[in-house]
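Here's the structure we're looking at; comments come further down.
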Amino acid sequence: MIVRPATSADAEAMAEIYGHNALHGAGTFEEAPPTPQEMAARLQTVQARGLPWVVVEDEGRVLGFAYAGPYRLRSAYRYTAEDSVYVAPGAQGRGVGRAALQRVIEACEAMGLRRLVAVIGDSANAGSVNLHRSLGFLPVGTLPDVGYKHGRWLDVVLMSRPLNGGSASAPGEGGLDL
C-alpha cells in the first residue's frame with residue numbers, strides 16, 4: 001500500500017467509497033452520494049487551503065482516503081482542523097484508515113496547527129472511534145440523537161487530538177486562511 005496526495009483522477013474512486021458510506025453507513029450524515037465531479041470540487045477546495053487530502057492505494061486501486069478541512073470558518077479556529085477518513089468496503093481492518101489518517105496528522109502538524117478534531121457519526125461506529133483513539137485522539141463528548149438516518153436517531157462522537165503541544169503555548173503566526 002502507498003499513501004499519496006489525492007488528485008482529481010481519484011475523484012471517481014473516492015466518490016464510490018464515500019457514496020457507499022452515504023447510502024449504507026452512518027459515519028457520514030450525508031444521505032445522497034456525491035458525484036465524482038462534486039468529490040473533485042471538494043478535493044480542490046481542501047487543497048486550495050493548503051490542507052492535506054490523501055488516498056491509500058494498493059496495486060493501482062484506491063482503498064481509502066482521509067483529509068483535513070477547517071473545523072469552522074471563524075478566524076479564531078484557524079489553528080484547528082477536522083479530519084475525515086473513509087475506507088472502501090472489504091478493505092476495513094487492513095490498516096488503510098490508519099495509514100491515511102496518520103499522514104493527515106503529520107501534514108497538519110507540519111502546517112503548525114494545534115488541534116485536530118474528529119466528528120464521528122454514530123456512537124456505535126467502533127471502527128472509527130478505535131482508529132482515532134489509537135492515533136492519540138481522546139473522546140471529549142457525545143451529541144445525542146442529532147442525526148436521523150436509516151430509520152434511527154444517531155449520535156455524534158467528538159474526539160480531539162493536540163498537535164504541536166496543543167494549547168500549552170500561544171501559536172505563532174499563520175494558521176489556516178479562513
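FYI, nothing fancy with the C-alpha cells labels: chains A, B, ... in order, residues from 1 per chain, ligands from 1 as they appear.
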Write out as a Markdown table the residues of region 2-25 of chain A that have any atom within 12 Å of an atom of region 71-93 of chain A, one row each with the nearest atom pair and its distance in Å to one decimal, counting only C-alpha atoms, sorted by chain and then rising number.
| residue | atom | partner | partner_atom | distance |
| --- | --- | --- | --- | --- |
| A:Ala13 | CA | A:Ala88 | CA | 9.1 |
| A:Met14 | CA | A:Tyr86 | CA | 8.6 |
| A:Ala15 | CA | A:Ala88 | CA | 10.4 |
| A:Glu16 | CA | A:Ala88 | CA | 8.2 |
| A:Ile17 | CA | A:Ala88 | CA | 5.1 |
| A:Tyr18 | CA | A:Tyr86 | CA | 6.6 |
| A:Gly19 | CA | A:Ala88 | CA | 9.9 |
| A:His20 | CA | A:Pro89 | CA | 7.8 |
| A:Asn21 | CA | A:Tyr86 | CA | 7.9 |
| A:Ala22 | CA | A:Tyr86 | CA | 10.6 |
| A:His24 | CA | A:Pro89 | CA | 10.4 |
| A:Gly25 | CA | A:Pro89 | CA | 10.5 |
Using only C-alpha atoms, please write the residues we just selected to a file, as a JSON list (two decimals), in the first residue's frame.
[["chain", "number", "residue", "atom", "x", "y", "z"],
["A", 13, "ALA", "CA", -12.89, 6.11, -6.70],
["A", 14, "MET", "CA", -13.38, 8.48, -3.77],
["A", 15, "ALA", "CA", -16.97, 9.18, -4.80],
["A", 16, "GLU", "CA", -17.61, 5.43, -4.91],
["A", 17, "ILE", "CA", -16.13, 4.86, -1.44],
["A", 18, "TYR", "CA", -17.88, 7.85, 0.10],
["A", 19, "GLY", "CA", -21.11, 7.10, -1.76],
["A", 20, "HIS", "CA", -21.22, 3.62, -0.26],
["A", 21, "ASN", "CA", -20.88, 5.18, 3.20],
["A", 22, "ALA", "CA", -23.56, 7.77, 2.42],
["A", 24, "HIS", "CA", -25.24, 2.28, 3.72],
["A", 25, "GLY", "CA", -23.29, 3.67, 6.68]]
- [ ] Compile the contact shell of Leu154 (chain A) as JSON, numbers by chain: residues with an atom at most 12 Å away, counting only C-alpha atoms, same-chain residues fewer than 6 positions apart removed.
- [x] {"A": [25, 26, 27, 28, 29, 120, 121, 122, 123, 124, 125, 142, 143, 144, 145, 146, 147, 148]}
Once you count only C-alpha atoms, what closest atom pair and distance in Å to one decimal does each residue of region 30-56 of chain A within 8 Å of region 104-111 of chain A have, with rows by chain and rising residue number, as JSON lines?
{"residue": "A:Leu51", "atom": "CA", "partner": "A:Cys108", "partner_atom": "CA", "distance": 7.3}
{"residue": "A:Pro52", "atom": "CA", "partner": "A:Val104", "partner_atom": "CA", "distance": 5.9}
{"residue": "A:Trp53", "atom": "CA", "partner": "A:Val104", "partner_atom": "CA", "distance": 7.1}
{"residue": "A:Val54", "atom": "CA", "partner": "A:Val104", "partner_atom": "CA", "distance": 7.3}
Task: Nearest candidate to Leu63 (chain A) (options A:Val46, A:Leu101, A:Ala9, A:Met1; using only C-alpha atoms) - done: A:Met1
Task: All residues 6 Å or closer to Phe137 (chain A), only C-alpha atoms, same chain fewer than 5 positions away omitted, as an NGL selection string - done: :A and (132 or 159-161)
Take the selection from the previous step and output its residues with C-alpha atoms, as a PDB file, in the first residue's frame.
ATOM      1  CA  HIS A 132      -8.901   7.721  16.295  1.00  0.00           C
ATOM      2  CA  MET A 159     -12.781  13.383  19.730  1.00  0.00           C
ATOM      3  CA  SER A 160      -9.779  15.682  19.837  1.00  0.00           C
ATOM      4  CA  ARG A 161      -6.023  15.369  19.423  1.00  0.00           C
TER       5      ARG A 161
END
TODO: Could you give me, as a ChimeraX atom specification, each residue of region 79-140 of chain A that DSSP assigns to helix (DSSP H, G or I) when run on this structure's backbone?
DONE: /A:96-110,126-134
TODO: Choose the residue, out of A:Ile2, A:Ala48, A:Ala11, A:Ala170, that has the smallest atom-to-atom separation from Leu113 (chain A); count only C-alpha atoms.
DONE: A:Ala170
Open item on the list: I'd like to know which residues of region 117-177 of chain A are strand (DSSP E) (by DSSP, run on the backbone); could you write them as an MDAnalysis selection string?
Closed with: chainID A and resid 117:121 138:149 152:162
May I have the selected residues written with C-alpha atoms, as an mmCIF file, in the first residue's frame?
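Dumped to out-v7.cif:
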data_model
loop_
_atom_site.group_PDB
_atom_site.id
_atom_site.type_symbol
_atom_site.label_atom_id
_atom_site.label_comp_id
_atom_site.auth_asym_id
_atom_site.auth_seq_id
_atom_site.Cartn_x
_atom_site.Cartn_y
_atom_site.Cartn_z
ATOM 1 C CA VAL A 117 -10.972 17.269 15.806
ATOM 2 C CA ALA A 118 -12.908 14.173 14.799
ATOM 3 C CA VAL A 119 -16.674 14.442 14.436
ATOM 4 C CA ILE A 120 -17.676 10.777 14.171
ATOM 5 C CA GLY A 121 -21.133 9.836 13.002
ATOM 6 C CA LEU A 138 -9.402 11.426 23.187
ATOM 7 C CA PRO A 139 -13.185 11.489 23.500
ATOM 8 C CA VAL A 140 -14.462 14.907 24.508
ATOM 9 C CA GLY A 141 -18.201 14.406 24.223
ATOM 10 C CA THR A 142 -21.208 12.918 22.534
ATOM 11 C CA LEU A 143 -24.047 14.832 20.933
ATOM 12 C CA PRO A 144 -27.029 12.504 21.347
ATOM 13 C CA ASP A 145 -29.578 11.966 18.607
ATOM 14 C CA VAL A 146 -28.529 14.848 16.337
ATOM 15 C CA GLY A 147 -28.983 12.961 13.059
ATOM 16 C CA TYR A 148 -31.720 10.751 11.674
ATOM 17 C CA LYS A 149 -30.658 8.234 9.050
ATOM 18 C CA ARG A 152 -32.937 5.689 13.527
ATOM 19 C CA TRP A 153 -31.530 8.547 15.567
ATOM 20 C CA LEU A 154 -27.739 8.828 15.516
ATOM 21 C CA ASP A 155 -25.251 10.357 17.918
ATOM 22 C CA VAL A 156 -22.093 12.216 17.024
ATOM 23 C CA VAL A 157 -18.928 11.384 18.955
ATOM 24 C CA LEU A 158 -16.467 14.240 19.342
ATOM 25 C CA MET A 159 -12.781 13.383 19.730
ATOM 26 C CA SER A 160 -9.779 15.682 19.837
ATOM 27 C CA ARG A 161 -6.023 15.369 19.423
ATOM 28 C CA PRO A 162 -3.479 18.058 20.266
#
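Distance check against Arg103 (chain A) using only C-alpha atoms: of A:Ser134, A:Asn164, A:Leu43, A:Val56, the minimum falls on A:Val56.
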Task: Test item: residues at most 10 Å from Glu12 (chain A), only C-alpha atoms, excluding those fewer than 6 positions along its chain, as a list in words - done: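 Residues meeting the cut-off are Tyr18, Pro34, Thr35, Pro36, Gln37, Glu38, Met39, Ala40 and Val62 of chain A.
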Task: Residues near Gln47 (chain A), cut-off 10 Å, only C-alpha atoms, skip fewer than 6 positions along chain, as a PyMOL selection string - done: chain A and resi 5-7+41+53+67-69
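The closest residue to Val96 (chain A), picked from A:Asp10, A:Glu173, A:Glu57, A:Glu31 and counting only C-alpha atoms, is A:Glu57.
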Task: Between CA of Gly112 (chain A) and CA of Gly50 (chain A), distance in Å (one decimal) - done: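 Going from CA of Gly112 (chain A) over to CA of Gly50 (chain A) covers 11.9 Å.
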Task: Atomic distance CA of Arg98 (chain A) - CA of Leu163 (chain A), expressed in Å with one decimal - done: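 Computed distance, CA of Arg98 (chain A) to CA of Leu163 (chain A), equals 17.0 Å.
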Task: Distance in Å - CA of Gly136 (chain A) versus CA of Asp58 (chain A) - done: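 So the two atoms, CA of Gly136 (chain A) and CA of Asp58 (chain A), lie 25.9 Å apart.
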